[in-house]
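Student: Quick one: structure below, then a few questions.
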Amino acid sequence: MPVSIKLLFSIFLFFLNGFVKSQTSGKKAVTDTLSYAKKFEINKEKYIGKPFSLLLKDMTQMQPKKAKSEFREDMNNPLPSTSFSFSDKKDINSGSDVIMIIKWKADDTATTPLEFFEQEHNYQFTPNEKNFLEKKIVMDITVYKR
């Protein structure tokens, strides 16, 4: 009898393991970051004139890890663009990272909170940065690899 209980328990664990793997494999791992990001540049007509939140929502397989914005003293357009990196590297300007540059529609929104968040979080793309940028309107998308 103990052998059959062990056998049944082993079979149960085997099927449970398969079930768990099938549930977590819905998201495919991105093996080519450049190709993945380029898809959004190729289909940028879908995102131009729309809030950045739409683009983020469609990035189901990989989200940006770092963000560095360009700040200007122009009161009509203090935030012309933001560069996003998909790498976990410490320095946002290093290596051969895939970069996605989003140019924003000009507006007069104060950028002080974003400047603070970027410095405070070492350019990590945290929920604070996401919340600040998600309502910004996308005007262009460019993707390249350094």
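If you're wondering about the labels, chains in the structure tokens are A, B, ... by order shown, residues count from 1 in each chain, ligands from 1 in order shown.
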When you look at region 33-50 of chain A with a cut-off of 12 Å (counting only C-alpha atoms), what residues show up, excluding the ones that are within fewer than 2 positions of it in the same chain? I need them as a PyMOL selection string.
Tutor: chain A and resi 28-31+52-64+84-87+96-106+134-146
Student: Between A:Ile5, A:Leu133, A:Glu118, A:Gln124, which residue has the minimum interatomic distance to Ser81 (chain A), considering only C-alpha atoms?
Tutor: A:Leu133
Student: From a DSSP calculation on the backbone, collect every residue of region 80-120 of chain A in strand (DSSP E or B) and output the set as a list in words.
Tutor: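 Matching residues, listed in order: Ser81, Thr82, Ser83, Phe84, Ser85, Val98, Ile99, Met100, Ile101, Ile102, Lys103 and Trp104 of chain A.
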Student: Write the selection just made, keeping all heavy atoms, as a tab-separated table (two decimals), in the first residue's frame?
Tutor:
```
chain	number	residue	atom	x	y	z
A	81	SER	N	11.46	64.81	-25.12
A	81	SER	CA	11.59	63.37	-25.38
A	81	SER	C	12.11	62.63	-24.15
A	81	SER	O	12.66	63.23	-23.23
A	81	SER	CB	12.55	63.12	-26.55
A	81	SER	OG	13.86	63.50	-26.21
A	82	THR	N	11.94	61.31	-24.21
A	82	THR	CA	12.46	60.42	-23.18
A	82	THR	C	13.06	59.21	-23.87
A	82	THR	O	12.47	58.67	-24.80
A	82	THR	CB	11.35	59.97	-22.21
A	82	THR	OG1	10.76	61.12	-21.60
A	82	THR	CG2	11.88	59.05	-21.13
A	83	SER	N	14.23	58.78	-23.39
A	83	SER	CA	14.89	57.58	-23.90
A	83	SER	C	14.65	56.44	-22.91
A	83	SER	O	14.87	56.60	-21.71
A	83	SER	CB	16.40	57.81	-24.03
A	83	SER	OG	16.66	58.83	-24.95
A	84	PHE	N	14.22	55.31	-23.44
A	84	PHE	CA	13.95	54.14	-22.62
A	84	PHE	C	14.93	53.03	-22.97
A	84	PHE	O	15.20	52.79	-24.14
A	84	PHE	CB	12.51	53.64	-22.85
A	84	PHE	CG	11.47	54.61	-22.42
A	84	PHE	CD1	10.94	55.53	-23.31
A	84	PHE	CD2	11.01	54.62	-21.11
A	84	PHE	CE1	9.98	56.44	-22.91
A	84	PHE	CE2	10.04	55.53	-20.70
A	84	PHE	CZ	9.53	56.44	-21.61
A	85	SER	N	15.43	52.36	-21.95
A	85	SER	CA	16.35	51.24	-22.12
A	85	SER	C	15.68	49.99	-21.57
A	85	SER	O	14.92	50.06	-20.60
A	85	SER	CB	17.65	51.53	-21.37
A	85	SER	OG	18.44	50.38	-21.29
A	98	VAL	N	19.46	48.41	-26.30
A	98	VAL	CA	18.39	48.80	-27.21
A	98	VAL	C	17.71	50.01	-26.58
A	98	VAL	O	17.34	49.99	-25.41
A	98	VAL	CB	17.39	47.65	-27.42
A	98	VAL	CG1	16.18	48.12	-28.21
A	98	VAL	CG2	18.08	46.47	-28.10
A	99	ILE	N	17.59	51.07	-27.36
A	99	ILE	CA	17.02	52.32	-26.89
A	99	ILE	C	15.76	52.64	-27.69
A	99	ILE	O	15.75	52.54	-28.91
A	99	ILE	CB	18.03	53.49	-27.04
A	99	ILE	CG1	19.34	53.18	-26.32
A	99	ILE	CG2	17.43	54.80	-26.57
A	99	ILE	CD1	19.23	53.03	-24.83
A	100	MET	N	14.72	53.04	-26.99
A	100	MET	CA	13.49	53.52	-27.62
A	100	MET	C	13.33	54.98	-27.21
A	100	MET	O	13.24	55.28	-26.02
A	100	MET	CB	12.28	52.71	-27.17
A	100	MET	CG	10.96	53.23	-27.73
A	100	MET	SD	9.52	52.30	-27.14
A	100	MET	CE	9.62	50.84	-28.16
A	101	ILE	N	13.33	55.86	-28.20
A	101	ILE	CA	13.14	57.28	-27.92
A	101	ILE	C	11.70	57.64	-28.27
A	101	ILE	O	11.24	57.40	-29.38
A	101	ILE	CB	14.11	58.16	-28.73
A	101	ILE	CG1	15.55	57.83	-28.35
A	101	ILE	CG2	13.81	59.63	-28.50
A	101	ILE	CD1	16.58	58.56	-29.18
A	102	ILE	N	11.02	58.21	-27.29
A	102	ILE	CA	9.66	58.70	-27.50
A	102	ILE	C	9.72	60.22	-27.50
A	102	ILE	O	10.20	60.83	-26.54
A	102	ILE	CB	8.71	58.23	-26.37
A	102	ILE	CG1	8.74	56.71	-26.21
A	102	ILE	CG2	7.30	58.75	-26.60
A	102	ILE	CD1	8.14	55.93	-27.34
A	103	LYS	N	9.24	60.81	-28.58
A	103	LYS	CA	9.09	62.27	-28.63
A	103	LYS	C	7.66	62.58	-28.23
A	103	LYS	O	6.71	61.96	-28.72
A	103	LYS	CB	9.41	62.80	-30.03
A	103	LYS	CG	10.87	62.66	-30.36
A	103	LYS	CD	11.22	63.30	-31.67
A	103	LYS	CE	12.70	63.12	-31.93
A	103	LYS	NZ	13.10	63.57	-33.24
A	104	TRP	N	7.53	63.55	-27.32
A	104	TRP	CA	6.23	63.88	-26.75
A	104	TRP	C	5.62	65.09	-27.44
A	104	TRP	O	6.33	65.98	-27.90
A	104	TRP	CB	6.37	64.19	-25.26
A	104	TRP	CG	7.07	63.14	-24.47
A	104	TRP	CD1	8.28	63.25	-23.86
A	104	TRP	CD2	6.60	61.82	-24.18
A	104	TRP	NE1	8.59	62.08	-23.21
A	104	TRP	CE2	7.58	61.18	-23.39
A	104	TRP	CE3	5.45	61.11	-24.51
A	104	TRP	CZ2	7.44	59.88	-22.94
A	104	TRP	CZ3	5.32	59.80	-24.05
A	104	TRP	CH2	6.30	59.21	-23.27
```
Student: Need to verify the contact set: Thr126 (chain A), 10 Å, only C-alpha atoms, exclusion of same-chain residues closer than 3 positions in sequence. Can you return it as a PDB file with N, CA, C and O atoms, in the first residue's frame?
Tutor:
```pdb
ATOM      1  N   PRO A  64      10.094  48.747 -20.453  1.00  0.00           N
ATOM      2  CA  PRO A  64      11.372  49.450 -20.252  1.00  0.00           C
ATOM      3  C   PRO A  64      11.847  49.312 -18.811  1.00  0.00           C
ATOM      4  O   PRO A  64      11.047  49.263 -17.886  1.00  0.00           O
ATOM      5  N   LYS A  65      13.167  49.253 -18.645  1.00  0.00           N
ATOM      6  CA  LYS A  65      13.753  49.137 -17.308  1.00  0.00           C
ATOM      7  C   LYS A  65      14.275  50.483 -16.810  1.00  0.00           C
ATOM      8  O   LYS A  65      14.280  50.751 -15.631  1.00  0.00           O
ATOM      9  N   LYS A  66      14.733  51.320 -17.753  1.00  0.00           N
ATOM     10  CA  LYS A  66      15.289  52.623 -17.388  1.00  0.00           C
ATOM     11  C   LYS A  66      14.705  53.686 -18.304  1.00  0.00           C
ATOM     12  O   LYS A  66      14.308  53.401 -19.429  1.00  0.00           O
ATOM     13  N   ALA A  67      14.670  54.918 -17.790  1.00  0.00           N
ATOM     14  CA  ALA A  67      14.158  56.043 -18.572  1.00  0.00           C
ATOM     15  C   ALA A  67      14.968  57.289 -18.233  1.00  0.00           C
ATOM     16  O   ALA A  67      15.234  57.560 -17.064  1.00  0.00           O
ATOM     17  N   PHE A 117      12.196  62.215  -9.667  1.00  0.00           N
ATOM     18  CA  PHE A 117      12.063  60.760  -9.705  1.00  0.00           C
ATOM     19  C   PHE A 117      13.259  60.113 -10.399  1.00  0.00           C
ATOM     20  O   PHE A 117      13.792  59.116  -9.934  1.00  0.00           O
ATOM     21  N   GLU A 118      13.668  60.675 -11.531  1.00  0.00           N
ATOM     22  CA  GLU A 118      14.785  60.085 -12.270  1.00  0.00           C
ATOM     23  C   GLU A 118      16.063  60.089 -11.442  1.00  0.00           C
ATOM     24  O   GLU A 118      16.792  59.098 -11.417  1.00  0.00           O
ATOM     25  N   HIS A 121      15.670  57.639  -8.335  1.00  0.00           N
ATOM     26  CA  HIS A 121      15.624  56.212  -8.653  1.00  0.00           C
ATOM     27  C   HIS A 121      16.731  55.776  -9.604  1.00  0.00           C
ATOM     28  O   HIS A 121      16.644  54.675 -10.168  1.00  0.00           O
ATOM     29  N   TYR A 123      17.399  56.589 -12.592  1.00  0.00           N
ATOM     30  CA  TYR A 123      16.824  56.387 -13.925  1.00  0.00           C
ATOM     31  C   TYR A 123      16.056  55.077 -14.083  1.00  0.00           C
ATOM     32  O   TYR A 123      15.707  54.696 -15.192  1.00  0.00           O
ATOM     33  N   GLU A 129       7.628  57.153 -12.370  1.00  0.00           N
ATOM     34  CA  GLU A 129       7.888  57.666 -13.720  1.00  0.00           C
ATOM     35  C   GLU A 129       6.762  57.258 -14.668  1.00  0.00           C
ATOM     36  O   GLU A 129       6.317  58.056 -15.497  1.00  0.00           O
ATOM     37  N   LYS A 130       6.328  56.026 -14.533  1.00  0.00           N
ATOM     38  CA  LYS A 130       5.236  55.533 -15.383  1.00  0.00           C
ATOM     39  C   LYS A 130       3.984  56.385 -15.198  1.00  0.00           C
ATOM     40  O   LYS A 130       3.363  56.808 -16.170  1.00  0.00           O
ATOM     41  N   ASN A 131       3.613  56.649 -13.961  1.00  0.00           N
ATOM     42  CA  ASN A 131       2.425  57.456 -13.687  1.00  0.00           C
ATOM     43  C   ASN A 131       2.556  58.871 -14.248  1.00  0.00           C
ATOM     44  O   ASN A 131       1.581  59.440 -14.718  1.00  0.00           O
TER      45      ASN A 131
END
```
Student: With only C-alpha atoms as the atoms that count, which of A:Asp88, A:Phe132, A:Pro51, A:Pro78 lies nearest to Phe116 (chain A)?
Tutor: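 Residue with the minimum atom-to-atom distance to Phe116 (chain A): A:Phe132.
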Student: Hey, can you check how far CA of Asn128 (chain A) sits from CA of Thr111 (chain A)?
Tutor: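 A separation of 12.7 Å between them.
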